[in-house]
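Colleague: Next comes data-v1.cif, mmCIF, C-alpha atoms:
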data_my_file
#
loop_
_atom_site.group_PDB
_atom_site.id
_atom_site.type_symbol
_atom_site.label_atom_id
_atom_site.label_comp_id
_atom_site.auth_asym_id
_atom_site.auth_seq_id
_atom_site.Cartn_x
_atom_site.Cartn_y
_atom_site.Cartn_z
ATOM 1 C CA MET A 9 22.927 -121.792 -1.193
ATOM 2 C CA ALA A 10 22.430 -123.302 -4.600
ATOM 3 C CA GLN A 11 24.609 -121.895 -7.379
ATOM 4 C CA ASP A 12 23.034 -119.635 -9.994
ATOM 5 C CA ARG A 13 22.601 -121.578 -13.209
ATOM 6 C CA HIS A 14 22.342 -118.483 -15.370
ATOM 7 C CA ASN A 15 25.081 -116.358 -16.887
ATOM 8 C CA ASP A 16 24.636 -112.660 -15.979
ATOM 9 C CA ALA A 17 27.277 -111.282 -18.359
ATOM 10 C CA GLY A 18 26.140 -109.308 -21.363
ATOM 11 C CA GLN A 19 22.413 -109.969 -21.003
ATOM 12 C CA GLN A 20 19.764 -107.381 -21.865
ATOM 13 C CA HIS A 21 17.231 -106.358 -19.191
ATOM 14 C CA SER A 22 14.246 -107.851 -21.043
ATOM 15 C CA ARG A 23 10.826 -107.773 -19.451
ATOM 16 C CA PRO A 24 10.609 -110.992 -17.413
ATOM 17 C CA SER A 25 7.765 -113.365 -18.168
ATOM 18 C CA THR A 26 6.836 -116.869 -17.158
ATOM 19 C CA ARG A 27 4.637 -117.319 -20.207
ATOM 20 C CA GLY A 28 5.480 -119.325 -23.318
ATOM 21 C CA ASP A 29 7.968 -121.969 -24.329
ATOM 22 C CA ALA A 30 11.298 -121.931 -22.464
ATOM 23 C CA ARG A 31 13.084 -121.910 -25.832
ATOM 24 C CA MET A 32 11.473 -118.683 -27.035
ATOM 25 C CA PRO A 33 13.848 -115.754 -27.743
ATOM 26 C CA GLY A 34 14.436 -113.588 -24.667
ATOM 27 C CA ARG A 35 13.501 -116.339 -22.229
ATOM 28 C CA HIS A 36 17.067 -116.833 -20.970
ATOM 29 C CA SER A 37 17.702 -113.107 -20.467
ATOM 30 C CA ALA A 38 14.405 -112.730 -18.587
ATOM 31 C CA HIS A 39 15.544 -115.396 -16.128
ATOM 32 C CA ASP A 40 18.881 -113.639 -15.789
ATOM 33 C CA TRP A 41 17.143 -110.364 -14.946
ATOM 34 C CA LEU A 42 15.025 -112.078 -12.308
ATOM 35 C CA GLY A 43 18.084 -113.742 -10.771
ATOM 36 C CA ARG A 44 19.870 -110.422 -10.520
ATOM 37 C CA ALA A 45 16.767 -108.787 -9.021
ATOM 38 C CA VAL A 46 16.420 -111.400 -6.289
ATOM 39 C CA ARG A 47 20.170 -111.333 -5.604
ATOM 40 C CA VAL A 48 20.386 -107.569 -5.185
ATOM 41 C CA ASP A 49 17.220 -107.375 -3.089
ATOM 42 C CA GLN A 50 18.509 -110.020 -0.690
ATOM 43 C CA ALA A 51 21.808 -108.137 -0.452
ATOM 44 C CA GLY A 52 20.025 -104.853 0.190
ATOM 45 C CA GLU A 53 17.890 -106.275 2.976
ATOM 46 C CA TYR A 54 20.971 -107.872 4.523
ATOM 47 C CA GLY A 55 22.818 -104.548 4.386
ATOM 48 C CA ALA A 56 19.848 -102.777 5.978
ATOM 49 C CA THR A 57 19.809 -105.187 8.918
ATOM 50 C CA ARG A 58 23.509 -104.501 9.456
ATOM 51 C CA ILE A 59 22.969 -100.720 9.381
ATOM 52 C CA TYR A 60 20.320 -101.006 12.074
ATOM 53 C CA GLN A 61 22.490 -103.353 14.117
ATOM 54 C CA GLY A 62 25.242 -100.743 14.033
ATOM 55 C CA GLN A 63 22.888 -97.990 15.134
ATOM 56 C CA ARG A 64 21.455 -100.122 17.921
ATOM 57 C CA ALA A 65 24.936 -100.941 19.207
ATOM 58 C CA VAL A 66 25.467 -97.209 19.798
ATOM 59 C CA PHE A 67 22.062 -96.105 21.056
ATOM 60 C CA GLU A 68 21.460 -99.061 23.336
ATOM 61 C CA ALA A 69 24.741 -98.231 25.082
ATOM 62 C CA GLN A 70 23.786 -94.553 25.571
ATOM 63 C CA SER A 71 21.413 -92.970 28.029
ATOM 64 C CA GLY A 72 18.613 -90.733 26.807
ATOM 65 C CA THR A 73 18.183 -92.447 23.431
ATOM 66 C CA ALA A 74 15.668 -95.139 24.387
ATOM 67 C CA GLY A 75 13.021 -93.818 21.978
ATOM 68 C CA THR A 76 15.379 -93.869 19.012
ATOM 69 C CA ALA A 77 16.681 -97.321 19.966
ATOM 70 C CA ALA A 78 13.128 -98.667 20.130
ATOM 71 C CA ALA A 79 12.286 -97.217 16.696
ATOM 72 C CA ILE A 80 15.417 -98.779 15.235
ATOM 73 C CA ARG A 81 14.611 -102.165 16.780
ATOM 74 C CA ARG A 82 11.193 -102.055 15.137
ATOM 75 C CA MET A 83 12.668 -101.139 11.758
ATOM 76 C CA GLN A 84 15.293 -103.859 12.053
ATOM 77 C CA ALA A 85 12.614 -106.465 12.821
ATOM 78 C CA GLN A 86 10.843 -105.554 9.576
ATOM 79 C CA GLU A 87 14.115 -105.750 7.639
ATOM 80 C CA GLN A 88 14.752 -109.205 9.114
ATOM 81 C CA ARG A 89 11.357 -110.312 7.825
ATOM 82 C CA HIS A 90 12.184 -108.978 4.356
ATOM 83 C CA LEU A 91 15.570 -110.712 4.459
ATOM 84 C CA ALA A 92 13.991 -114.051 5.369
ATOM 85 C CA ARG A 93 11.621 -113.737 2.436
ATOM 86 C CA PHE A 94 14.381 -112.973 -0.058
ATOM 87 C CA ASP A 95 16.559 -115.737 1.420
ATOM 88 C CA ALA A 96 13.722 -118.138 0.636
ATOM 89 C CA LEU A 97 13.435 -116.757 -2.909
ATOM 90 C CA LEU A 98 17.184 -117.201 -3.441
ATOM 91 C CA ASN A 99 16.860 -120.858 -2.565
ATOM 92 C CA ALA A 100 13.631 -121.427 -4.467
ATOM 93 C CA ARG A 101 14.950 -119.757 -7.637
ATOM 94 C CA ARG A 102 18.412 -121.347 -7.300
ATOM 95 C CA VAL A 103 20.138 -117.965 -7.315
ATOM 96 C CA ARG A 104 23.523 -117.515 -5.659
ATOM 97 C CA PRO A 105 23.897 -114.652 -3.179
ATOM 98 C CA THR A 106 26.185 -111.771 -4.014
ATOM 99 C CA LEU A 107 29.895 -112.398 -3.613
ATOM 100 C CA LEU A 108 30.063 -109.068 -1.788
ATOM 101 C CA SER A 109 28.107 -110.204 1.303
ATOM 102 C CA PRO A 110 31.220 -110.046 3.547
ATOM 103 C CA LEU A 111 31.780 -106.444 2.447
ATOM 104 C CA TRP A 112 28.178 -105.430 3.117
ATOM 105 C CA HIS A 113 28.401 -107.176 6.520
ATOM 106 C CA VAL A 114 31.201 -104.809 7.566
ATOM 107 C CA ALA A 115 30.187 -101.703 5.614
ATOM 108 C CA GLY A 116 26.549 -101.803 6.753
ATOM 109 C CA PHE A 117 27.440 -102.016 10.431
ATOM 110 C CA ALA A 118 30.097 -99.304 10.055
ATOM 111 C CA LEU A 119 27.647 -96.944 8.332
ATOM 112 C CA GLY A 120 25.027 -97.510 11.016
ATOM 113 C CA ALA A 121 27.403 -97.115 13.953
ATOM 114 C CA GLY A 122 29.212 -94.182 12.357
ATOM 115 C CA THR A 123 26.090 -92.133 11.741
ATOM 116 C CA ALA A 124 24.706 -93.031 15.190
ATOM 117 C CA LEU A 125 27.890 -91.682 16.778
ATOM 118 C CA LEU A 126 27.120 -88.371 15.083
ATOM 119 C CA GLY A 127 23.794 -88.261 16.914
ATOM 120 C CA GLU A 128 20.170 -89.344 16.649
ATOM 121 C CA ARG A 129 19.332 -86.960 13.798
ATOM 122 C CA ALA A 130 22.341 -88.128 11.784
ATOM 123 C CA ALA A 131 21.248 -91.738 12.252
ATOM 124 C CA MET A 132 17.789 -90.794 11.024
ATOM 125 C CA ALA A 133 19.371 -88.960 8.078
ATOM 126 C CA CYS A 134 21.139 -92.205 7.195
ATOM 127 C CA THR A 135 17.865 -94.113 7.377
ATOM 128 C CA ALA A 136 16.024 -91.545 5.254
ATOM 129 C CA ALA A 137 18.729 -91.573 2.571
ATOM 130 C CA VAL A 138 19.084 -95.358 2.441
ATOM 131 C CA GLU A 139 15.341 -95.945 2.321
ATOM 132 C CA ASP A 140 14.911 -93.266 -0.358
ATOM 133 C CA ALA A 141 17.441 -95.046 -2.576
ATOM 134 C CA ILE A 142 15.867 -98.442 -1.878
ATOM 135 C CA THR A 143 12.278 -97.356 -2.571
ATOM 136 C CA GLU A 144 13.492 -95.835 -5.844
ATOM 137 C CA HIS A 145 15.145 -99.149 -6.697
ATOM 138 C CA TYR A 146 12.059 -101.184 -5.786
ATOM 139 C CA ALA A 147 9.812 -98.890 -7.850
ATOM 140 C CA ALA A 148 11.975 -99.541 -10.916
ATOM 141 C CA GLN A 149 11.760 -103.288 -10.323
ATOM 142 C CA GLU A 150 7.981 -103.195 -9.895
ATOM 143 C CA ASN A 151 7.662 -101.267 -13.147
ATOM 144 C CA HIS A 152 9.862 -103.821 -14.919
ATOM 145 C CA LEU A 153 7.915 -106.806 -13.592
ATOM 146 C CA GLY A 154 4.464 -105.503 -14.420
ATOM 147 C CA GLY A 155 2.056 -108.348 -13.700
ATOM 148 C CA ASP A 156 4.661 -111.116 -14.005
ATOM 149 C CA GLU A 157 6.261 -113.193 -11.239
ATOM 150 C CA PRO A 158 3.616 -112.524 -8.539
ATOM 151 C CA GLU A 159 5.645 -114.139 -5.731
ATOM 152 C CA VAL A 160 8.659 -111.902 -6.350
ATOM 153 C CA ALA A 161 6.441 -108.882 -6.984
ATOM 154 C CA ALA A 162 4.660 -109.407 -3.648
ATOM 155 C CA ALA A 163 7.967 -109.564 -1.765
ATOM 156 C CA ILE A 164 9.115 -106.358 -3.442
ATOM 157 C CA ALA A 165 5.821 -104.557 -2.778
ATOM 158 C CA GLU A 166 5.775 -105.483 0.912
ATOM 159 C CA SER A 167 9.392 -104.440 1.362
ATOM 160 C CA ALA A 168 8.888 -101.172 -0.522
ATOM 161 C CA ALA A 169 5.925 -100.223 1.683
ATOM 162 C CA ASP A 170 7.937 -100.783 4.857
ATOM 163 C CA GLU A 171 10.957 -98.902 3.500
ATOM 164 C CA GLU A 172 8.790 -95.890 2.704
ATOM 165 C CA GLU A 173 7.366 -96.060 6.225
ATOM 166 C CA HIS A 174 10.924 -96.038 7.617
ATOM 167 C CA ARG A 175 11.851 -93.052 5.448
ATOM 168 C CA LEU A 176 8.869 -91.024 6.626
ATOM 169 C CA GLU A 177 9.506 -91.902 10.274
ATOM 170 C CA ALA A 178 13.152 -90.875 9.944
ATOM 171 C CA ILE A 179 12.106 -87.502 8.523
ATOM 172 C CA ALA A 180 9.573 -87.072 11.338
ATOM 173 C CA ARG A 181 12.385 -87.754 13.819
ATOM 174 C CA GLY A 182 14.474 -84.883 12.503
ATOM 175 C CA ALA A 183 16.557 -86.365 9.694
ATOM 176 C CA GLU A 184 16.404 -83.196 7.606
ATOM 177 C CA ALA A 185 17.545 -81.052 10.558
ATOM 178 C CA THR A 186 20.930 -82.792 10.524
ATOM 179 C CA PRO A 187 23.765 -80.362 9.760
ATOM 180 C CA PHE A 188 24.811 -80.691 6.121
ATOM 181 C CA TYR A 189 21.889 -83.059 5.551
ATOM 182 C CA GLY A 190 21.994 -82.619 1.779
ATOM 183 C CA LEU A 191 25.643 -83.598 1.542
ATOM 184 C CA LEU A 192 25.310 -86.532 3.958
ATOM 185 C CA ALA A 193 22.146 -87.878 2.330
ATOM 186 C CA GLY A 194 23.574 -87.433 -1.162
ATOM 187 C CA ALA A 195 26.740 -89.337 -0.297
ATOM 188 C CA ILE A 196 24.797 -92.188 1.308
ATOM 189 C CA LYS A 197 22.359 -92.457 -1.615
ATOM 190 C CA THR A 198 25.238 -92.529 -4.088
ATOM 191 C CA GLY A 199 26.877 -95.302 -2.067
ATOM 192 C CA CYS A 200 23.617 -97.269 -2.048
ATOM 193 C CA ARG A 201 23.251 -96.968 -5.813
ATOM 194 C CA ILE A 202 26.801 -98.201 -6.327
ATOM 195 C CA ALA A 203 26.162 -101.109 -3.950
ATOM 196 C CA ILE A 204 23.022 -102.009 -5.908
ATOM 197 C CA ARG A 205 24.877 -102.097 -9.222
ATOM 198 C CA LEU A 206 27.728 -104.172 -7.810
ATOM 199 C CA SER A 207 25.434 -106.659 -6.029
ATOM 200 C CA GLU A 208 23.411 -107.225 -9.207
ATOM 201 C CA ARG A 209 26.505 -108.314 -11.085
ATOM 202 C CA LEU A 210 28.817 -109.940 -8.553
#
Now that the file is in, can you turn its structure into structure tokens?

Modeller:
Amino acid sequence: MAQDRHNDAGQQHSRPSTRGDARMPGRHSAHDWLGRAVRVDQAGEYGATRIYQGQRAVFEAQSGTAGTAAAIRRMQAQEQRHLARFDALLNARRVRPTLLSPLWHVAGFALGAGTALLGERAAMACTAAVEDAITEHYAAQENHLGGDEPEVAAAIAESAADEEEHRLEAIARGAEATPFYGLLAGAIKTGCRIAIRLSERL
């Protein structure tokens, strides 16, 4: 991957725009915001693929969970498509990936496998919580972009639509019937929000 040519430290989250002279005030910080946005979105999609890989590793080894395993395979395939798109944007925009990728590689799989071991509903509770946090994050990015950066905006919009679909399917599959759902979902969403903040900056 190409190295990020922009300094993230201490920059304001200005509304990004491709219009005007590159030397205009705010231009540098707008590019910094966009670099952070692409970086964190690529990290999030990578983490999501690892969560689903962890869940599949459990359910594909169990009997009686073929329906859940098939649903997870379908969700993972969509996440892989999102990841490929953000990988391409990283390269095109010359943005470095997060330094925390090795951590998300391990943590994502562990979260997926761990919740799957608690049962199908717990795995769906994990999916619902993660996708809720991610759709919230994407909505904030879409609001920030407005009509600027159509290529990035399109990638975010497509991903957000699929994530919402995953969230609704997880709820339909019994996510909210998981014992202590509120506590489990709250903890997972908090973890996702922390991961988002760290991946933006590191």

Colleague: Suppose a student applies the PyMOL selection byres ((chain A and resi 197-200) around 8) to this structure; what residues should they get, written as a ChimeraX atom specification?

Modeller: /A:137-138,140-142,193-196,201-204

Colleague: With all atoms listed in the file as the atoms that count, which of A:Thr186, A:Gln84, A:Gln50, A:Ser167 lies nearest to Arg104 of chain A?

Modeller: A:Gln50

Colleague: Can you report as JSON the centre and edge lengths in Å, to one decimal, of an axis-aligned box around the listed atoms of segment 200-205 of chain A padded with 8 Å on each side?

Modeller:
{"center_x": 24.9, "center_y": -99.5, "center_z": -5.6, "size_x": 19.8, "size_y": 21.1, "size_z": 23.2}

Colleague: Could you list, with a cut-off of 12 Å and counting all atoms listed in the file, the residues of segment 116-155 of chain A near segment 70-74 of chain A, each shown with its nearest atom pair and the distance in Å rounded to one decimal, rows sorted by chain and ascending number, as a tab-separated table?

Modeller:
residue	atom	partner	partner_atom	distance
A:Ala124	CA	A:Thr73	CA	10.5
A:Leu125	CA	A:Gln70	CA	10.1
A:Gly127	CA	A:Thr73	CA	9.6
A:Glu128	CA	A:Thr73	CA	7.7
A:Arg129	CA	A:Thr73	CA	11.1
A:Ala131	CA	A:Thr73	CA	11.6

Colleague: Within 8 Å of segment 85-94 of chain A, counting all atoms listed in the file, which residues qualify if same-chain residues fewer than 3 places away don't, as a ChimeraX atom specification?

Modeller: /A:46,49-50,53-54,56-57,81-82,97-98,163,167,170

Colleague: Could you tell me how far atom CA of Ala147 of chain A sits from atom CA of His174 of chain A, in Å to one decimal place?

Modeller: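 Going from atom CA of His174 of chain A over to atom CA of Ala147 of chain A covers 15.8 Å.
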